[in-house]
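Heads up, data-v7.txt below (compact mmCIF, C-alpha atoms and all ligand atoms):
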# COMPACT_ATOMS: atom_id res chain seq x y z
CA MET G 1 6.48 -17.41 4.67
CA LEU G 2 10.09 -16.27 4.73
CA PRO G 3 10.70 -16.75 8.52
CA ARG G 4 9.48 -20.37 8.35
CA ARG G 5 11.67 -21.13 5.34
CA LEU G 6 14.73 -19.62 6.99
CA TYR G 7 14.02 -21.61 10.18
CA ALA G 8 13.72 -24.84 8.17
CA GLN G 9 17.19 -24.15 6.76
CA GLY G 10 18.69 -23.76 10.21
CA VAL G 11 18.69 -19.97 10.44
CA LEU G 12 17.86 -18.90 13.98
CA GLY G 13 15.66 -16.01 15.03
CA ILE G 14 17.18 -13.48 17.42
CA ASN G 15 15.46 -14.90 20.51
CA ALA G 16 16.52 -18.50 19.78
CA ARG G 17 20.05 -17.31 19.04
CA ASN G 18 20.23 -15.54 22.39
CA GLN G 19 18.59 -18.28 24.48
CA LYS G 20 20.15 -21.36 22.88
CA TYR G 21 23.65 -20.10 22.11
CA THR G 22 24.84 -16.62 22.91
CA LEU G 23 23.84 -16.49 26.55
CA ARG G 24 24.23 -20.19 27.27
CA VAL G 25 27.80 -20.70 26.10
CA ASN G 26 29.39 -17.40 27.06
CA GLU G 27 30.55 -16.00 30.34
CA ARG G 28 28.66 -12.94 31.41
CA ARG G 29 31.64 -10.61 30.80
CA PHE G 30 31.52 -11.49 27.09
CA TYR G 31 27.83 -10.60 26.69
CA PRO G 32 28.43 -7.05 25.41
CA LEU G 33 30.59 -8.47 22.62
CA VAL G 34 28.61 -11.55 21.63
CA ASP G 35 25.24 -9.85 21.92
CA ASP G 36 26.34 -7.20 19.43
CA LYS G 37 25.89 -8.63 15.94
CA LEU G 38 28.31 -6.21 14.32
CA ALA G 39 31.03 -6.80 16.94
CA THR G 40 30.57 -10.57 16.61
CA LYS G 41 30.82 -10.38 12.83
CA ARG G 42 34.01 -8.33 13.01
CA MET G 43 35.56 -10.74 15.54
CA CYS G 44 34.72 -13.68 13.27
CA GLN G 45 36.21 -11.92 10.27
CA ALA G 46 39.40 -11.15 12.23
CA ALA G 47 39.62 -14.81 13.26
CA GLY G 48 39.08 -16.04 9.67
CA ILE G 49 35.64 -17.54 10.40
CA PRO G 50 33.36 -17.16 7.34
CA VAL G 51 30.32 -14.96 7.89
CA PRO G 52 27.77 -13.53 5.46
CA ARG G 53 28.81 -10.27 3.80
CA LEU G 54 27.68 -7.11 5.58
CA LEU G 55 25.38 -5.25 3.19
CA ALA G 56 24.35 -2.28 5.32
CA VAL G 57 23.66 -1.26 8.89
CA ALA G 58 20.15 0.05 9.39
CA GLU G 59 19.42 2.31 12.33
CA SER G 60 15.88 3.06 13.48
CA PRO G 61 13.55 4.62 12.59
CA LEU G 62 13.11 2.57 9.48
CA VAL G 63 10.58 1.07 7.15
CA PHE G 64 11.28 -2.45 6.02
CA LEU G 65 9.69 -4.38 3.17
CA THR G 66 10.25 -8.10 2.61
CA ASP G 67 10.70 -8.46 -1.10
CA GLU G 68 9.70 -12.12 -0.79
CA MET G 69 6.21 -11.17 0.30
CA ALA G 70 5.94 -8.21 -2.06
CA ALA G 71 7.01 -10.43 -4.95
CA SER G 72 4.41 -13.05 -4.03
CA ARG G 73 1.69 -10.50 -4.75
CA LEU G 74 3.32 -8.33 -7.43
CA GLY G 75 5.26 -11.03 -9.23
CA ARG G 76 9.06 -11.20 -9.03
CA ALA G 77 9.64 -9.79 -12.53
CA THR G 78 7.40 -6.79 -11.89
CA LEU G 79 9.01 -6.04 -8.54
CA GLU G 80 12.48 -6.26 -10.06
CA ARG G 81 11.47 -4.00 -12.94
CA LEU G 82 10.13 -1.39 -10.53
CA VAL G 83 13.18 -1.53 -8.29
CA GLU G 84 15.51 -1.33 -11.27
CA THR G 85 13.67 1.68 -12.65
CA TYR G 86 12.92 3.58 -9.51
CA GLY G 87 15.48 2.49 -6.93
CA ARG G 88 15.03 0.56 -3.75
CA GLY G 89 12.76 3.03 -1.95
CA TYR G 90 9.82 0.79 -1.28
CA ALA G 91 7.33 3.61 -0.97
CA ARG G 92 7.87 4.50 -4.59
CA VAL G 93 7.32 0.86 -5.48
CA VAL G 94 3.99 0.93 -3.65
CA GLU G 95 2.89 4.05 -5.47
CA LEU G 96 3.94 2.67 -8.81
CA ALA G 97 2.30 -0.67 -8.19
CA LYS G 98 -1.01 1.12 -8.47
CA LYS G 99 -0.23 2.11 -12.04
CA LEU G 100 0.71 -1.31 -13.25
CA PRO G 101 -2.06 -3.05 -15.18
CA ASP G 102 -1.26 -2.63 -18.84
CA GLY G 103 -3.15 0.21 -20.41
CA ALA G 104 -4.62 1.32 -17.11
CA GLU G 105 -2.27 4.02 -15.93
CA ARG G 106 -3.83 6.76 -13.86
CA LEU G 107 -3.26 10.46 -13.57
CA CYS G 108 -4.46 12.67 -10.81
CA PRO G 109 -6.35 15.51 -12.48
CA GLN G 110 -6.51 17.69 -9.37
CA ASN G 111 -2.88 18.59 -9.97
CA PRO G 112 -2.52 22.28 -10.92
CA GLU G 113 -0.08 21.35 -13.66
CA ILE G 114 -2.76 19.33 -15.32
CA VAL G 115 -2.30 20.77 -18.80
CA ALA G 116 1.41 19.95 -18.85
CA GLN G 117 0.73 16.52 -17.40
CA LEU G 118 -1.91 15.69 -19.97
CA HIS G 119 0.42 16.77 -22.78
CA GLN G 120 3.12 14.51 -21.36
CA ALA G 121 0.63 11.67 -21.08
CA VAL G 122 -0.42 11.97 -24.72
CA ALA G 123 3.23 12.21 -25.79
CA ALA G 124 4.00 9.03 -23.83
CA GLY G 125 1.02 7.15 -25.29
CA VAL G 126 -0.56 6.71 -21.85
CA LEU G 127 -4.24 5.80 -21.50
CA VAL G 128 -5.72 8.66 -19.49
CA ASN G 129 -8.67 8.03 -17.22
CA VAL G 130 -10.65 11.21 -17.72
CA GLU G 131 -12.16 12.55 -14.50
CA SER G 132 -13.67 15.79 -15.71
CA MET G 133 -15.25 17.32 -18.80
CA ARG G 134 -12.56 20.02 -18.72
CA GLU G 135 -9.87 17.49 -19.65
CA ILE G 136 -11.42 16.69 -23.04
CA PRO G 137 -10.38 19.90 -24.89
CA VAL G 138 -6.94 19.80 -23.24
CA LEU G 139 -6.36 16.23 -24.39
CA ALA G 140 -7.75 16.98 -27.84
CA GLU G 141 -5.39 19.93 -28.22
CA ALA G 142 -2.42 17.82 -27.03
CA ALA G 143 -3.31 15.05 -29.49
CA ARG G 144 -3.67 17.58 -32.34
CA SER G 145 -0.43 19.41 -31.64
CA LEU G 146 1.57 16.22 -31.13
CA GLY G 147 -0.04 14.38 -34.04
CA LEU G 148 -0.72 11.42 -31.75
CA PRO G 149 -3.90 9.64 -30.68
CA GLY G 150 -5.28 10.91 -27.37
CA ARG G 151 -6.11 7.64 -25.60
CA VAL G 152 -8.91 8.03 -23.08
CA ALA G 153 -11.02 5.97 -20.73
CA ILE G 154 -13.73 7.57 -18.63
CA ARG G 155 -13.73 7.29 -14.87
CA VAL G 156 -17.34 6.90 -13.86
CA ASN G 157 -18.77 7.89 -10.49
CA PRO G 158 -21.35 5.12 -10.25
CA ASP G 159 -24.79 5.36 -8.70
CA PHE G 160 -23.95 2.66 -6.12
CA GLU G 161 -21.44 2.27 -3.29
CA LEU G 162 -19.02 -0.50 -2.36
CA LYS G 163 -20.76 -1.89 0.73
CA GLY G 164 -18.60 -2.44 3.78
CA SER G 165 -15.51 -0.67 2.48
CA GLY G 166 -13.25 1.40 4.75
CA MET G 167 -13.25 4.31 2.32
CA LYS G 168 -15.99 4.91 -0.25
CA MET G 169 -14.81 6.48 -3.49
CA GLY G 170 -17.90 6.19 -5.62
CA GLY G 171 -21.65 6.62 -5.23
CA GLY G 172 -23.36 9.86 -4.20
CA PRO G 173 -21.64 13.22 -4.71
CA LYS G 174 -17.88 12.57 -5.10
CA GLN G 175 -14.82 14.45 -6.29
CA PHE G 176 -13.73 11.38 -8.28
CA GLY G 177 -14.82 10.58 -11.80
CA VAL G 178 -17.82 11.82 -13.73
CA ASP G 179 -21.34 11.17 -12.43
CA VAL G 180 -22.88 8.37 -14.46
CA GLU G 181 -25.77 10.63 -15.55
CA LEU G 182 -23.26 12.95 -17.27
CA VAL G 183 -21.23 10.22 -18.95
CA PRO G 184 -23.30 10.03 -22.20
CA GLN G 185 -22.61 13.74 -22.72
CA LEU G 186 -18.89 13.17 -22.07
CA LEU G 187 -18.85 10.24 -24.49
CA ARG G 188 -20.31 12.44 -27.23
CA ALA G 189 -17.72 15.14 -26.50
CA THR G 190 -14.94 12.53 -26.65
CA GLY G 191 -16.09 11.38 -30.07
CA ARG G 192 -16.49 14.94 -31.38
CA ALA G 193 -13.01 15.88 -30.16
CA GLY G 194 -11.48 13.03 -32.19
CA LEU G 195 -10.03 11.37 -29.10
CA SER G 196 -9.44 7.64 -29.06
CA PHE G 197 -12.02 6.22 -26.65
CA GLU G 198 -10.85 2.95 -25.06
CA GLY G 199 -13.06 2.20 -22.09
CA PHE G 200 -14.25 2.84 -18.55
CA HIS G 201 -12.74 2.98 -15.08
CA LEU G 202 -14.81 2.47 -11.93
CA PHE G 203 -13.34 2.54 -8.44
CA ALA G 204 -16.09 2.15 -5.87
CA GLY G 205 -14.05 1.98 -2.66
CA SER G 206 -11.08 0.75 -0.67
CA GLN G 207 -10.21 -1.67 2.16
CA ASN G 208 -12.99 -4.21 1.87
CA LEU G 209 -12.65 -7.66 3.45
CA ARG G 210 -16.02 -8.96 2.30
CA ALA G 211 -15.77 -10.96 -0.90
CA GLN G 212 -19.51 -10.78 -1.55
CA SER G 213 -19.50 -6.98 -1.48
CA ILE G 214 -16.54 -6.82 -3.85
CA CYS G 215 -18.23 -9.30 -6.23
CA GLU G 216 -21.44 -7.29 -6.11
CA ALA G 217 -19.62 -4.04 -6.91
CA GLN G 218 -17.74 -5.74 -9.77
CA ARG G 219 -21.00 -7.08 -11.22
CA LYS G 220 -22.73 -3.73 -10.92
CA SER G 221 -19.69 -1.97 -12.44
CA TYR G 222 -19.71 -4.40 -15.33
CA GLU G 223 -23.41 -3.91 -15.98
CA LEU G 224 -23.09 -0.15 -15.77
CA ALA G 225 -20.18 -0.17 -18.23
CA LEU G 226 -22.17 -2.40 -20.59
CA ARG G 227 -25.06 0.08 -20.58
CA LEU G 228 -22.71 3.00 -21.17
CA ALA G 229 -20.86 1.12 -23.92
CA ALA G 230 -23.99 1.37 -26.06
CA GLU G 231 -23.44 5.14 -26.23
CA ALA G 232 -19.66 5.06 -26.68
CA PRO G 233 -17.97 6.30 -29.87
CA ALA G 234 -15.85 3.11 -30.13
CA PRO G 235 -15.82 -0.43 -28.71
CA VAL G 236 -14.65 -0.85 -25.10
CA ARG G 237 -11.11 -2.21 -25.00
CA VAL G 238 -10.28 -1.68 -21.31
CA LEU G 239 -12.77 -2.12 -18.51
CA ASN G 240 -11.16 -1.28 -15.17
CA LEU G 241 -13.38 -2.65 -12.41
CA GLY G 242 -11.37 -1.05 -9.59
CA GLY G 243 -10.13 -2.95 -6.57
CA GLY G 244 -10.95 -2.46 -2.94
CA PHE G 245 -9.25 -5.71 -1.85
CA GLY G 246 -8.56 -5.15 1.85
CA ILE G 247 -6.00 -6.57 4.28
CA PRO G 248 -6.70 -7.35 7.94
CA TYR G 249 -5.44 -4.64 10.29
CA PHE G 250 -7.39 -5.12 13.52
CA PRO G 251 -8.21 -7.98 15.92
CA GLY G 252 -11.10 -10.11 14.71
CA GLU G 253 -10.75 -9.08 11.07
CA GLN G 254 -10.88 -12.00 8.66
CA ARG G 255 -8.66 -12.24 5.60
CA LEU G 256 -10.42 -11.55 2.28
CA ASP G 257 -11.49 -14.84 0.68
CA LEU G 258 -10.13 -14.54 -2.85
CA ALA G 259 -11.77 -17.65 -4.31
CA PRO G 260 -15.25 -16.14 -4.84
CA VAL G 261 -13.70 -12.92 -6.20
CA GLY G 262 -11.65 -14.93 -8.71
CA ALA G 263 -14.71 -16.96 -9.74
CA ASN G 264 -16.74 -13.78 -10.16
CA LEU G 265 -14.06 -12.20 -12.35
CA ALA G 266 -13.84 -15.34 -14.47
CA GLU G 267 -17.60 -15.21 -14.96
CA LEU G 268 -17.46 -11.52 -15.91
CA GLN G 269 -14.61 -12.22 -18.33
CA ARG G 270 -16.82 -14.91 -19.96
CA ARG G 271 -19.69 -12.44 -20.24
CA ALA G 272 -17.33 -9.78 -21.61
CA SER G 273 -16.07 -12.04 -24.39
CA ARG G 274 -19.69 -12.21 -25.57
CA ASP G 275 -20.90 -8.64 -24.76
CA MET G 276 -17.73 -6.59 -25.38
CA PRO G 277 -15.39 -8.90 -27.30
CA ALA G 278 -12.56 -6.36 -27.58
CA ALA G 279 -12.48 -5.64 -23.83
CA SER G 280 -9.82 -6.67 -21.31
CA LEU G 281 -10.93 -6.60 -17.70
CA VAL G 282 -8.53 -4.88 -15.32
CA ILE G 283 -8.43 -4.70 -11.54
CA GLU G 284 -6.52 -1.99 -9.71
CA LEU G 285 -4.99 -3.01 -6.38
CA GLY G 286 -2.89 -1.05 -3.92
CA ARG G 287 -2.51 -2.23 -0.33
CA TYR G 288 -3.40 -5.83 -1.18
CA LEU G 289 -0.16 -6.12 -3.15
CA VAL G 290 2.33 -4.85 -0.61
CA GLY G 291 0.59 -3.65 2.57
CA GLU G 292 1.38 -6.82 4.48
CA ALA G 293 5.00 -6.95 3.30
CA GLY G 294 6.05 -3.82 5.21
CA LEU G 295 7.14 -3.19 8.81
CA TYR G 296 7.71 0.13 10.49
CA VAL G 297 10.35 0.10 13.24
CA THR G 298 10.87 2.74 15.89
CA ARG G 299 13.30 2.60 18.83
CA ILE G 300 12.14 3.40 22.34
CA VAL G 301 13.95 6.53 23.51
CA ASP G 302 12.03 7.00 26.76
CA ARG G 303 9.82 5.06 29.12
CA LYS G 304 7.56 7.22 31.25
CA LEU G 305 5.02 6.61 33.96
CA SER G 306 2.20 9.11 34.13
CA ARG G 307 -0.38 8.56 36.87
CA GLY G 308 -0.14 4.81 36.60
CA GLN G 309 0.00 4.62 32.80
CA VAL G 310 3.19 3.53 31.00
CA PHE G 311 4.19 5.50 27.88
CA LEU G 312 6.90 4.18 25.56
CA VAL G 313 8.23 7.07 23.48
CA GLY G 314 9.60 6.11 20.05
CA ASP G 315 12.01 7.97 17.75
CA GLY G 316 9.24 8.20 15.16
CA GLY G 317 5.47 8.03 15.11
CA LEU G 318 2.72 9.88 13.28
CA ASN G 319 5.32 11.72 11.19
CA HIS G 320 6.36 8.39 9.61
CA HIS G 321 3.16 6.42 9.90
CA LEU G 322 0.05 8.55 9.96
CA SER G 323 -2.30 5.65 9.30
CA ALA G 324 -1.07 3.59 12.29
CA SER G 325 -1.71 6.63 14.48
CA GLY G 326 -5.39 6.36 13.51
CA ASN G 327 -5.53 9.72 11.78
CA PHE G 328 -5.91 8.50 8.21
CA GLY G 329 -9.61 7.85 7.84
CA GLN G 330 -10.31 5.86 11.01
CA VAL G 331 -13.58 6.94 12.61
CA VAL G 332 -13.03 5.02 15.85
CA ARG G 333 -9.32 4.70 16.57
CA LYS G 334 -8.02 1.11 16.72
CA ASN G 335 -4.50 -0.19 17.28
CA TYR G 336 -2.58 -1.61 14.35
CA PRO G 337 -0.76 -4.87 15.14
CA VAL G 338 2.20 -3.65 17.21
CA VAL G 339 4.83 -5.72 19.06
CA VAL G 340 8.13 -5.22 20.83
CA GLY G 341 10.21 -6.67 18.01
CA ASN G 342 13.12 -7.89 20.10
CA ARG G 343 10.91 -9.41 22.80
CA VAL G 344 8.27 -11.28 20.87
CA ARG G 345 8.29 -14.44 22.94
CA GLY G 346 8.53 -15.36 26.57
CA ALA G 347 8.78 -11.92 28.16
CA ALA G 348 6.62 -10.57 30.98
CA ARG G 349 3.73 -8.56 29.58
CA GLU G 350 2.17 -5.22 30.47
CA THR G 351 -0.34 -2.74 29.12
CA VAL G 352 1.29 0.38 27.64
CA SER G 353 0.77 3.19 25.19
CA VAL G 354 3.35 3.67 22.44
CA VAL G 355 3.73 7.28 21.36
CA GLY G 356 6.00 9.14 18.94
CA PRO G 357 8.22 12.19 19.53
CA LEU G 358 5.77 14.88 18.35
CA CYS G 359 4.08 17.44 20.58
CA THR G 360 0.55 16.28 19.86
CA PRO G 361 -1.59 13.66 21.58
CA LEU G 362 -2.46 12.43 18.07
CA ASP G 363 1.04 10.95 17.90
CA LEU G 364 -0.03 7.55 19.20
CA LEU G 365 1.00 4.19 17.72
CA ALA G 366 -0.62 1.94 20.34
CA ASP G 367 -3.23 2.95 22.88
CA SER G 368 -3.31 0.93 26.13
CA MET G 369 -2.17 -2.23 24.39
CA GLU G 370 -0.80 -5.38 25.97
CA MET G 371 2.70 -6.22 24.84
CA ALA G 372 6.03 -7.51 26.17
CA GLN G 373 7.56 -5.38 28.90
CA ALA G 374 9.91 -3.05 27.05
CA GLU G 375 12.85 -0.85 27.95
CA ILE G 376 14.67 2.08 26.40
CA GLY G 377 16.55 0.85 23.32
CA ASP G 378 13.98 -1.84 22.46
CA LEU G 379 12.38 -1.81 19.03
CA ILE G 380 8.67 -1.31 18.46
CA VAL G 381 7.44 -2.93 15.26
CA VAL G 382 4.21 -1.98 13.49
CA PHE G 383 2.94 -4.57 11.02
CA GLN G 384 0.82 -3.96 7.88
CA SER G 385 2.97 -0.96 7.02
CA GLY G 386 3.83 -1.60 3.36
CA ALA G 387 1.14 0.76 2.02
CA TYR G 388 -0.15 4.13 3.25
CA GLY G 389 2.76 4.29 5.71
CA LEU G 390 5.56 6.68 4.90
CA THR G 391 4.05 8.08 1.69
CA ALA G 392 0.82 8.94 3.50
CA SER G 393 2.58 10.71 6.38
CA PRO G 394 3.50 14.33 7.20
CA THR G 395 7.26 13.74 7.43
CA ALA G 396 8.08 17.44 7.62
CA PHE G 397 5.87 18.09 10.64
CA LEU G 398 8.18 19.07 13.52
CA SER G 399 11.35 18.44 11.53
CA HIS G 400 12.38 15.02 12.77
CA PRO G 401 14.57 12.99 10.39
CA PRO G 402 12.80 10.73 7.91
CA PRO G 403 13.15 6.97 8.34
CA ALA G 404 15.38 4.80 6.17
CA GLU G 405 13.54 2.59 3.68
CA ILE G 406 14.80 -0.89 3.04
CA LEU G 407 13.68 -3.46 0.54
CA ALA G 408 15.35 -6.75 1.51
C1 LIG G 501 -8.20 5.08 -8.19
C2 LIG G 501 -7.53 4.26 -7.15
N1 LIG G 501 -7.02 3.06 -7.49
C3 LIG G 501 -6.43 2.25 -6.57
C4 LIG G 501 -6.31 2.64 -5.24
C5 LIG G 501 -5.66 1.70 -4.27
O1 LIG G 501 -6.53 1.35 -3.21
P1 LIG G 501 -6.17 0.19 -2.18
O2 LIG G 501 -4.81 0.48 -1.62
O3 LIG G 501 -7.21 0.25 -1.12
O4 LIG G 501 -6.18 -1.10 -2.94
C6 LIG G 501 -6.82 3.89 -4.85
C7 LIG G 501 -6.74 4.33 -3.47
O5 LIG G 501 -7.23 5.32 -3.04
C8 LIG G 501 -7.44 4.71 -5.83
O6 LIG G 501 -7.93 5.90 -5.51
Before we go any further, please render this structure as structure tokens.
Ligand SMILES: Cc1ncc(COP(=O)(O)O)c(C=O)c1O
Amino acid sequence: MLPRRLYAQGVLGINARNQKYTLRVNERRFYPLVDDKLATKRMCQAAGIPVPRLLAVAESPLVFLTDEMAASRLGRATLERLVETYGRGYARVVELAKKLPDGAERLCPQNPEIVAQLHQAVAAGVLVNVESMREIPVLAEAARSLGLPGRVAIRVNPDFELKGSGMKMGGGPKQFGVDVELVPQLLRATGRAGLSFEGFHLFAGSQNLRAQSICEAQRKSYELALRLAAEAPAPVRVLNLGGGFGIPYFPGEQRLDLAPVGANLAELQRRASRDMPAASLVIELGRYLVGEAGLYVTRIVDRKLSRGQVFLVGDGGLNHHLSASGNFGQVVRKNYPVVVGNRVRGAARETVSVVGPLCTPLDLLADSMEMAQAEIGDLIVVFQSGAYGLTASPTAFLSHPPPAEILA
């Protein structure tokens, strides 16, 4: 972990800096100067004392992503490639991370500009996961007019669910993919249209912390794809088994145990080399890659007491972080991990609600939660904010400014 490594190298956290040095060795009248990091830096520079270069000053509200942690999941080279291509806005990195596995790029077919998008996809040589029968003639026409192969995989809506997942995206009637019963018909149409069939995509659900459920869904997805492969116009080259790897958000949640998932995938890869020798297995992860690397920070602009209950009002809330407010798929609202960032240790504690600036009671980041006693100007930090934070939020609602995004 980055904080531990910095500590081992003698870098102090803010609390240790204040307690051990700043407040201990200075007279009270100097506090305003020495407690202000920018003022201290400028004084040091004026006095010729070497200090690290100032890169930028970030004001709240802001979203912060530790590139160390993101790189540990994405891989340093991939993260650098994404940042180089798309800039330092971390939200874009999160979105793009979902498209990464080679040959497994996705398109969202609900988009009204679908025809233009599919033409662009064929022109770019992208493998399109077909979600609807209607896309077949469009892709065939694009391939014909461009003189290029129309590469397709079929997204299957399976006849099973991912047990224990926060959000189910397969099984039963669903807007995603093509019901498994209709897939043979779609496979025939793909062949007739002269498209280049490459494989299947199955995404049963999201946010699952139970390794056994993920393994079971992967096995069932594999077996389903194997059955369907018998009716396919060409050998399977890409088998996307989806993802669903969750991260812990709430008290009592246990981290996903990756070892059995890895063993299960290795076993499926062994079976695939026998059953579908041309096939690469792909998994498609989102929040597992970068969700834990991100923090959302909002500054307290008011502290109110209403009939015995303390409300801390931040300069951002639901408009920047819909999912932490509990309005992004939570059935029973639970608090994300939230702390007073500049008072993590040693402070008196109290039970408060943290709210945002919007005129709706939905704008709630922490409901009756125990945390350090906080004042106006303190910083509230919401963990697990690297995925489904800013990009999943209604930033335009009530016209407050958007937060800065920092990848550091
Ligand atoms: C097709 C598909 N792939 C990947 C993801 C990423 O899911 P998660 O962030 O839970 O890993 C989603 C999320 O909805 C999805 O719909």
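Proximity to Ala204 of chain G at 7 Å, evaluated using only C-alpha atoms and with sequence-adjacent residues fewer than 6 positions away removed, yields Glu161, Leu162, Lys168, Met169, Gly170 and Gly242 of chain G.
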**Prompt:** For ligand LIG 501 (chain G), which residue out of G:Phe328, G:Phe176, G:Tyr7, G:Phe64 is the nearest one, using all atoms listed in the file?
**Reply:**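 Counting all atoms listed in the file, the residue closest to ligand LIG 501 (chain G) is G:Phe176.
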Interface rows for chain G against ligand LIG 501 (chain G): nearest pair, Å to one decimal, 6 Å, only C-alpha atoms and all ligand atoms, as CSV:
residue,atom,partner,partner_atom,distance
G:Lys98,CA,G:LIG501,C3,5.9
G:Phe203,CA,G:LIG501,C1,5.7
G:Ser206,CA,G:LIG501,O3,3.9
G:Gln207,CA,G:LIG501,O3,4.8
G:Gly243,CA,G:LIG501,O4,5.7
G:Gly244,CA,G:LIG501,O4,5.0
G:Phe245,CA,G:LIG501,O4,5.6
G:Glu284,CA,G:LIG501,C3,5.3
G:Leu285,CA,G:LIG501,O4,4.1
G:Gly286,CA,G:LIG501,O2,3.4
G:Arg287,CA,G:LIG501,O2,3.8
G:Tyr288,CA,G:LIG501,O4,5.8
**Message:** Between atom CA of His119 of chain G and atom CA of Glu141 of chain G, what is the distance in Å, rounded to a tenth?
**Reply:** 8.6 Å
**Request:** Within 6 Å of segment 68-82 of chain G, counting only C-alpha atoms, which residues show up once you throw out same-chain ones fewer than 6 positions away? Write them as a PyMOL selection string, please.
**Result:** chain G and resi 289-290+293
**Request:** Find the distance between atom CA of Leu182 of chain G and atom CA of Pro235 of chain G and write it in Å to one decimal.
**Result:**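 Rounded to one decimal, the two atoms are 19.1 Å apart.
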**Asked** Leaving out Leu187 of chain G and any residue of its chain fewer than 3 positions from it, which residues lie within 9 Å of it when counting only C-alpha atoms, given as a count of residues only?
**Response** 12
**Shell of 9 Å around segment 317-327 of chain G, all atoms listed in the file, local chain residues under 5 positions omitted, as a PyMOL selection string** = chain G and resi 61-63+296+298+332-337+354-358+362-366+382+384-385+388-398+400+402-403
Around (21.9, -15.4, 24.1), as given in the file, which residues come within 12 Å? Count only C-alpha atoms and list them as a PDB file with C-alpha atoms, in the coordinates of the input.
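Saved as result_32.pdb:
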ATOM      1  CA  LEU G  12      17.860 -18.900  13.980  1.00  0.00           C
ATOM      2  CA  GLY G  13      15.660 -16.010  15.030  1.00  0.00           C
ATOM      3  CA  ILE G  14      17.180 -13.480  17.420  1.00  0.00           C
ATOM      4  CA  ASN G  15      15.460 -14.900  20.510  1.00  0.00           C
ATOM      5  CA  ALA G  16      16.520 -18.500  19.780  1.00  0.00           C
ATOM      6  CA  ARG G  17      20.050 -17.310  19.040  1.00  0.00           C
ATOM      7  CA  ASN G  18      20.230 -15.540  22.390  1.00  0.00           C
ATOM      8  CA  GLN G  19      18.590 -18.280  24.480  1.00  0.00           C
ATOM      9  CA  LYS G  20      20.150 -21.360  22.880  1.00  0.00           C
ATOM     10  CA  TYR G  21      23.650 -20.100  22.110  1.00  0.00           C
ATOM     11  CA  THR G  22      24.840 -16.620  22.910  1.00  0.00           C
ATOM     12  CA  LEU G  23      23.840 -16.490  26.550  1.00  0.00           C
ATOM     13  CA  ARG G  24      24.230 -20.190  27.270  1.00  0.00           C
ATOM     14  CA  VAL G  25      27.800 -20.700  26.100  1.00  0.00           C
ATOM     15  CA  ASN G  26      29.390 -17.400  27.060  1.00  0.00           C
ATOM     16  CA  GLU G  27      30.550 -16.000  30.340  1.00  0.00           C
ATOM     17  CA  ARG G  28      28.660 -12.940  31.410  1.00  0.00           C
ATOM     18  CA  PHE G  30      31.520 -11.490  27.090  1.00  0.00           C
ATOM     19  CA  TYR G  31      27.830 -10.600  26.690  1.00  0.00           C
ATOM     20  CA  PRO G  32      28.430  -7.050  25.410  1.00  0.00           C
ATOM     21  CA  LEU G  33      30.590  -8.470  22.620  1.00  0.00           C
ATOM     22  CA  VAL G  34      28.610 -11.550  21.630  1.00  0.00           C
ATOM     23  CA  ASP G  35      25.240  -9.850  21.920  1.00  0.00           C
ATOM     24  CA  ASP G  36      26.340  -7.200  19.430  1.00  0.00           C
ATOM     25  CA  LYS G  37      25.890  -8.630  15.940  1.00  0.00           C
TER      26      LYS G  37
END
**Atomic separation - atom CA of Val344 of chain G relative to atom CA of Met371 of chain G, Å** = 8.5 Å
List the spatial neighbours of Glu223 of chain G as a PDB file with C-alpha atoms, in the coordinates of the input - criterion: any atom at most 12 Å away, only C-alpha atoms, same-chain residues fewer than 5 positions off excluded.
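Just written: around-v2.pdb:
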ATOM      1  CA  PRO G 158     -21.350   5.120 -10.250  1.00  0.00           C
ATOM      2  CA  ASP G 159     -24.790   5.360  -8.700  1.00  0.00           C
ATOM      3  CA  PHE G 160     -23.950   2.660  -6.120  1.00  0.00           C
ATOM      4  CA  PHE G 200     -14.250   2.840 -18.550  1.00  0.00           C
ATOM      5  CA  LEU G 202     -14.810   2.470 -11.930  1.00  0.00           C
ATOM      6  CA  GLU G 216     -21.440  -7.290  -6.110  1.00  0.00           C
ATOM      7  CA  ALA G 217     -19.620  -4.040  -6.910  1.00  0.00           C
ATOM      8  CA  GLN G 218     -17.740  -5.740  -9.770  1.00  0.00           C
ATOM      9  CA  LEU G 228     -22.710   3.000 -21.170  1.00  0.00           C
ATOM     10  CA  ALA G 229     -20.860   1.120 -23.920  1.00  0.00           C
ATOM     11  CA  ALA G 230     -23.990   1.370 -26.060  1.00  0.00           C
ATOM     12  CA  LEU G 239     -12.770  -2.120 -18.510  1.00  0.00           C
ATOM     13  CA  LEU G 241     -13.380  -2.650 -12.410  1.00  0.00           C
ATOM     14  CA  LEU G 268     -17.460 -11.520 -15.910  1.00  0.00           C
ATOM     15  CA  ARG G 271     -19.690 -12.440 -20.240  1.00  0.00           C
ATOM     16  CA  ALA G 272     -17.330  -9.780 -21.610  1.00  0.00           C
ATOM     17  CA  ASP G 275     -20.900  -8.640 -24.760  1.00  0.00           C
ATOM     18  CA  MET G 276     -17.730  -6.590 -25.380  1.00  0.00           C
TER      19      MET G 276
END
**Request:** In the coordinate frame of the file, compute which residues have an atom within 12 Å of (-6.6, 16.0, -24.3) when using all atoms listed in the file, and state them as a ChimeraX atom specification.
**Result:** /G:109,114-123,125-153,189-190,193-197
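Taking all atoms listed in the file into account, Phe311 of chain G lies nearest to G:Val352 out of the set G:Leu6, G:Ala225, G:Ala387, G:Val352.
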